[in-house]
Each structure stands twice: as structure tokens, then as C-alpha cells.
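What follows is one structure encoded as C-alpha cells, with my remarks underneath.
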Amino acid sequence: MRAVIQRVKNASVAIDGNTVGSIEKGFLVLLGVADSDTEEDLAYMVKKITNMRIFEDENEKMNLALKDVNGELLIISQFTLYANTKKGNRPSFIEAGAPDFSKKMYLEFIRQCRALGFKTEEGEFGADMKVSLINDGPVTIILDSAQR
């Protein structure tokens with residue numbers, strides 16, 4: 001499982017011109033799933049992301065987690081995180097998970113974040129989405145559960 005986490009002042013996602021999810025201060029998470037991902041990968045990513053301390057404290061040190069700042073989550077499915085660009089100029093997405101499995105893992109990721117008490121908004125799996133954000137910092141972190 002791969003994720004790009006962006007610390008944001010706000011973010012939203014629209015489909016066909018209609019906003020389907022929006023957050024204020026928190027994380028925009030682009031989430032990709034591979035067929036080899038397990039429940040352990042999912043649990044690792046939920047724990048790592050929701051506990052990541054990348055908000056500044058009173059000393060301007062990145063020391064505060066999402067819960068410390070009443071942060072929110074916007075989770076967007078992103079199969080292109082598994083793009084393989086080794087050959088030629090057209091990416092291959094063969095490493096991305098099958099749609100049914102990926103959707104199940106994506107929805108479970110969202111469910112677990114909500115179960116932890118975080119306001120969690122979402123895009124629509126497989127839809128053509130337009131994502132807007134104000135990146136805070138900018139702070140962008142890339143995680144891969146295979147590298148834990």
C-alpha cells in the first residue's frame with residue numbers, strides 16, 4: 001500500500017462539478033493499493049498516518065499529530081501511485097491492485113480512520129475527480145507499507 005500525505009490548510013474533491021468531500025486543517029491522503037497488500041499493511045498505514053507528527057508545536061517543531069490539532073482527513077483512491085516508468089514513456093499500472101480488491105481496501109482504510117474518531121471525507125473510487133488543496137508548508141510525505 002502506498003500513500004502520499006499532504007498537510008493541508010483545506011482540501012476538497014469534486015465529481016462532475018459537485019463537491020463530494022471537503023476538509024479543513026488536516027491531511028489529504030492519496031492512497032494506492034496493490035494485490036499483495038494485506039490487512040497488516042492496511043493497519044500499519046492507518047496507524048502510521050493518523051499518528052504522524054508533522055504539525056508544528058509552539059516551538060515551530062513538527063511534533064504534533066492529527067489528533068493534537070483536531071485534524072481531518074480527505075482520502076482519495078490513487079492507483080497511479082503504482083505506475084512503473086522503467087520502460088518507455090508510457091507508465092504501466094500492472095502493479096496496481098485489481099479494482100474490486102483495491103476498493104475493498106480503500107473503503108476499509110476509511111472505515112478504520114473514522115473508527116479512530118477522525119472526521120474522514122472521501123472521493124469516489126474509480127471516478128474522475130478534481131482535487132483542490134492548499135498545501136500547508138508545503139509538507140508532503142510518501143509512505144510505502146512494503147518499506148516498513
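Letters for chains follow the order of the C-alpha cells (A, B, ...), residue numbers begin at 1 for each chain, and ligand numbers begin at 1 in the order shown.
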>> List as a list of chain:residue names the protein and nucleic acid residues near Ile15 in chain A, meaning an atom at most 12 Å away when only C-alpha atoms are counted, but skip any in the same chain fewer than 5 places from it.
In response: A:Val20, A:Gly21, A:Glu122, A:Gly123, A:Glu124, A:Phe125, A:Gly126, A:Ala127, A:Asp128, A:Met129, A:Lys130, A:Val131, A:Ser132
> Per DSSP on the backbone, what are the strand (DSSP E or B) residues of range 77-136 of chain A, as a list in words?
Replying inline: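 Taking range 77-136 of chain A and keeping strand (DSSP E or B) only, one gets Ser77, Asn84, Ser92, Thr120, Glu121, Glu122, Lys130, Val131, Ser132, Leu133, Ile134, Asn135 and Asp136 of chain A.
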Write out the residues from the selection above, keeping all heavy atoms, as a short mmCIF file (atom, residue, chain, number, x, y, z; two decimals), in the first residue's frame.
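Written out: result39.cif:
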```cif
data_model
loop_
_atom_site.label_atom_id
_atom_site.label_comp_id
_atom_site.auth_asym_id
_atom_site.auth_seq_id
_atom_site.Cartn_x
_atom_site.Cartn_y
_atom_site.Cartn_z
N SER A 77 -8.63 7.65 -3.62
CA SER A 77 -8.02 6.47 -4.23
C SER A 77 -7.12 6.92 -5.39
O SER A 77 -7.47 7.82 -6.15
CB SER A 77 -9.09 5.50 -4.72
OG SER A 77 -9.89 6.09 -5.71
N ASN A 84 4.67 2.15 -13.11
CA ASN A 84 6.03 1.70 -13.38
C ASN A 84 6.49 2.44 -14.63
O ASN A 84 5.88 2.32 -15.69
CB ASN A 84 6.04 0.19 -13.60
CG ASN A 84 7.45 -0.35 -13.79
OD1 ASN A 84 8.29 0.29 -14.41
ND2 ASN A 84 7.70 -1.53 -13.27
N SER A 92 3.21 1.91 -16.93
CA SER A 92 2.46 0.67 -16.79
C SER A 92 1.86 0.65 -15.39
O SER A 92 2.50 1.04 -14.42
CB SER A 92 3.40 -0.53 -16.96
OG SER A 92 2.76 -1.72 -16.54
N THR A 120 -13.44 12.05 8.50
CA THR A 120 -12.80 11.48 7.32
C THR A 120 -13.73 11.61 6.12
O THR A 120 -14.81 11.02 6.10
CB THR A 120 -12.43 10.00 7.54
OG1 THR A 120 -11.63 9.91 8.73
CG2 THR A 120 -11.65 9.45 6.36
N GLU A 121 -13.32 12.41 5.16
CA GLU A 121 -14.06 12.57 3.92
C GLU A 121 -13.39 11.71 2.85
O GLU A 121 -12.25 11.28 3.02
CB GLU A 121 -14.06 14.04 3.50
CG GLU A 121 -14.75 14.96 4.49
CD GLU A 121 -16.26 14.89 4.42
OE1 GLU A 121 -16.80 14.90 3.31
OE2 GLU A 121 -16.89 14.81 5.48
N GLU A 122 -14.10 11.49 1.75
CA GLU A 122 -13.55 10.60 0.73
C GLU A 122 -13.97 11.05 -0.66
O GLU A 122 -14.94 11.79 -0.83
CB GLU A 122 -14.05 9.18 0.96
CG GLU A 122 -15.57 9.05 0.88
CD GLU A 122 -16.09 7.70 1.33
OE1 GLU A 122 -16.08 6.77 0.50
OE2 GLU A 122 -16.48 7.60 2.51
N LYS A 130 -11.71 15.85 -9.31
CA LYS A 130 -10.92 17.07 -9.32
C LYS A 130 -10.63 17.42 -7.86
O LYS A 130 -11.55 17.69 -7.08
CB LYS A 130 -11.69 18.23 -9.98
CG LYS A 130 -12.20 17.91 -11.38
CD LYS A 130 -11.09 17.52 -12.33
CE LYS A 130 -11.66 17.21 -13.71
NZ LYS A 130 -10.97 16.13 -14.38
N VAL A 131 -9.36 17.39 -7.50
CA VAL A 131 -8.94 17.61 -6.12
C VAL A 131 -8.32 18.99 -6.01
O VAL A 131 -7.44 19.36 -6.79
CB VAL A 131 -7.94 16.53 -5.67
CG1 VAL A 131 -7.49 16.77 -4.23
CG2 VAL A 131 -8.53 15.13 -5.83
N SER A 132 -8.77 19.76 -5.03
CA SER A 132 -8.22 21.09 -4.76
C SER A 132 -7.66 21.09 -3.35
O SER A 132 -8.23 20.46 -2.45
CB SER A 132 -9.32 22.15 -4.86
OG SER A 132 -9.88 22.16 -6.14
N LEU A 133 -6.56 21.82 -3.16
CA LEU A 133 -5.98 21.88 -1.83
C LEU A 133 -5.13 23.13 -1.68
O LEU A 133 -4.65 23.69 -2.66
CB LEU A 133 -5.11 20.65 -1.55
CG LEU A 133 -3.82 20.54 -2.37
CD1 LEU A 133 -2.71 20.04 -1.48
CD2 LEU A 133 -4.02 19.60 -3.54
N ILE A 134 -4.99 23.52 -0.44
CA ILE A 134 -3.97 24.49 -0.08
C ILE A 134 -2.98 23.73 0.79
O ILE A 134 -3.28 23.36 1.93
CB ILE A 134 -4.55 25.71 0.67
CG1 ILE A 134 -5.51 26.46 -0.26
CG2 ILE A 134 -3.42 26.62 1.15
CD1 ILE A 134 -6.16 27.67 0.36
N ASN A 135 -1.83 23.43 0.18
CA ASN A 135 -0.80 22.66 0.85
C ASN A 135 -0.17 23.55 1.91
O ASN A 135 0.16 24.70 1.65
CB ASN A 135 0.24 22.20 -0.17
CG ASN A 135 1.07 21.05 0.29
OD1 ASN A 135 1.43 20.96 1.45
ND2 ASN A 135 1.38 20.15 -0.62
N ASP A 136 -0.02 23.03 3.11
CA ASP A 136 0.50 23.78 4.24
C ASP A 136 1.97 23.45 4.44
O ASP A 136 2.32 22.38 4.89
CB ASP A 136 -0.31 23.44 5.50
CG ASP A 136 0.09 24.24 6.70
OD1 ASP A 136 0.80 25.25 6.55
OD2 ASP A 136 -0.30 23.84 7.82
#
```
If we count only C-alpha atoms and set the cut-off at 10 Å, which residues sit around range 6-10 of chain A, ignoring sequence neighbours fewer than 2 positions away in its own chain? Please answer as a compact mmCIF listing (two decimals) with N, CA and C atoms, in the first residue's frame.
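Here's the written file out01.txt:
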```txt
# COMPACT_ATOMS: atom_id res chain seq x y z
N ALA A 3 1.01 5.62 -0.03
CA ALA A 3 0.25 6.83 0.27
C ALA A 3 1.15 8.05 0.10
N VAL A 4 0.53 9.10 -0.42
CA VAL A 4 1.14 10.42 -0.43
C VAL A 4 0.30 11.25 0.53
N SER A 12 -10.49 19.70 -0.97
CA SER A 12 -11.81 19.21 -1.37
C SER A 12 -11.68 18.37 -2.62
N SER A 22 -14.89 17.50 1.64
CA SER A 22 -14.01 18.63 1.92
C SER A 22 -13.60 18.61 3.37
N ILE A 23 -12.40 19.10 3.62
CA ILE A 23 -11.87 19.18 4.98
C ILE A 23 -11.21 20.53 5.19
N GLU A 24 -11.01 20.85 6.44
CA GLU A 24 -10.19 21.99 6.82
C GLU A 24 -8.81 21.43 7.18
N LYS A 25 -8.15 21.97 8.15
CA LYS A 25 -6.79 21.57 8.54
C LYS A 25 -6.70 20.06 8.71
N GLY A 26 -5.70 19.48 8.06
CA GLY A 26 -5.51 18.04 8.19
C GLY A 26 -4.63 17.48 7.10
N PHE A 27 -4.96 16.24 6.68
CA PHE A 27 -4.19 15.54 5.66
C PHE A 27 -5.05 15.20 4.46
N LEU A 28 -4.54 15.50 3.29
CA LEU A 28 -5.05 14.93 2.05
C LEU A 28 -4.19 13.69 1.83
N VAL A 29 -4.84 12.53 1.73
CA VAL A 29 -4.12 11.26 1.55
C VAL A 29 -4.51 10.66 0.21
N LEU A 30 -3.52 10.52 -0.67
CA LEU A 30 -3.69 9.79 -1.92
C LEU A 30 -3.27 8.36 -1.62
N ILE A 54 3.48 15.78 12.08
CA ILE A 54 4.03 16.74 11.11
C ILE A 54 3.35 18.11 11.19
N PHE A 55 2.65 18.35 12.31
CA PHE A 55 2.12 19.69 12.57
C PHE A 55 3.04 20.36 13.58
N LEU A 66 -2.23 14.49 14.09
CA LEU A 66 -3.56 14.87 13.63
C LEU A 66 -4.52 15.11 14.80
N GLY A 71 -7.28 17.58 13.57
CA GLY A 71 -7.15 17.50 12.12
C GLY A 71 -8.16 16.56 11.49
N GLU A 72 -8.36 16.77 10.20
CA GLU A 72 -9.33 15.99 9.43
C GLU A 72 -8.60 15.28 8.29
N LEU A 73 -9.27 14.29 7.70
CA LEU A 73 -8.69 13.51 6.62
C LEU A 73 -9.56 13.56 5.37
N LEU A 74 -8.92 13.69 4.22
CA LEU A 74 -9.58 13.51 2.93
C LEU A 74 -8.80 12.41 2.22
N SER A 132 -8.77 19.76 -5.03
CA SER A 132 -8.22 21.09 -4.76
C SER A 132 -7.66 21.09 -3.35
N LEU A 133 -6.56 21.82 -3.16
CA LEU A 133 -5.98 21.88 -1.83
C LEU A 133 -5.13 23.13 -1.68
N ILE A 134 -4.99 23.52 -0.44
CA ILE A 134 -3.97 24.49 -0.08
C ILE A 134 -2.98 23.73 0.79
N ASN A 135 -1.83 23.43 0.18
CA ASN A 135 -0.80 22.66 0.85
C ASN A 135 -0.17 23.55 1.91
N ASP A 136 -0.02 23.03 3.11
CA ASP A 136 0.50 23.78 4.24
C ASP A 136 1.97 23.45 4.44
N GLY A 137 2.82 24.38 4.09
CA GLY A 137 4.26 24.19 4.28
C GLY A 137 5.08 24.55 3.06
N PRO A 138 5.06 23.79 2.01
CA PRO A 138 4.37 22.52 1.84
C PRO A 138 5.06 21.39 2.59
N VAL A 139 4.23 20.48 3.11
CA VAL A 139 4.72 19.26 3.74
C VAL A 139 4.06 18.10 3.01
N THR A 140 4.90 17.26 2.39
CA THR A 140 4.42 16.10 1.66
C THR A 140 5.28 14.91 2.04
N ILE A 141 4.63 13.83 2.46
CA ILE A 141 5.33 12.62 2.90
C ILE A 141 4.85 11.44 2.05
N ILE A 142 5.77 10.58 1.64
CA ILE A 142 5.42 9.38 0.88
C ILE A 142 5.67 8.17 1.77
```
> Do you know which residues are at most 9 Å from Gly32 in chain A counting only C-alpha atoms, after dropping those on the same chain fewer than 2 positions away, and could you put them as an NGL selection string?
Replying inline: :A and (1-4 or 30 or 34 or 76-82 or 96-97 or 102 or 106)
>> Under the rule that only C-alpha atoms are counted, which of A:Leu64, A:Ile5, A:Ala11, A:Ile49 is the nearest residue to Phe109 in chain A?
In response: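 Using only C-alpha atoms, Phe109 in chain A sits closest to A:Ile49.
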> Which neighbours of Tyr44 in chain A fall inside 12 Å, counting only C-alpha atoms, when residues of the same chain fewer than 6 positions from it are skipped, and could you give them as a ChimeraX atom specification?
Replying inline: /A:1-3,37-38,50-52,109,112-113,143-148
> Distance CA of Ala65 in chain A-CA of Ser36 in chain A, one decimal place?
Replying inline: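 Pair CA of Ala65 in chain A / CA of Ser36 in chain A returns 28.9 Å.
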> Tell me, which residues of range 8-61 of chain A carry DSSP helix (DSSP H, G or I), written as a ChimeraX atom specification?
Replying inline: /A:39-51
> For Met45 in chain A, which residue out of A:Leu31, A:Ala14, A:Thr19, A:Glu58 is the nearest one, using only C-alpha atoms?
Replying inline: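 Looking at the shortest contact to Met45 in chain A, the residue is A:Leu31.
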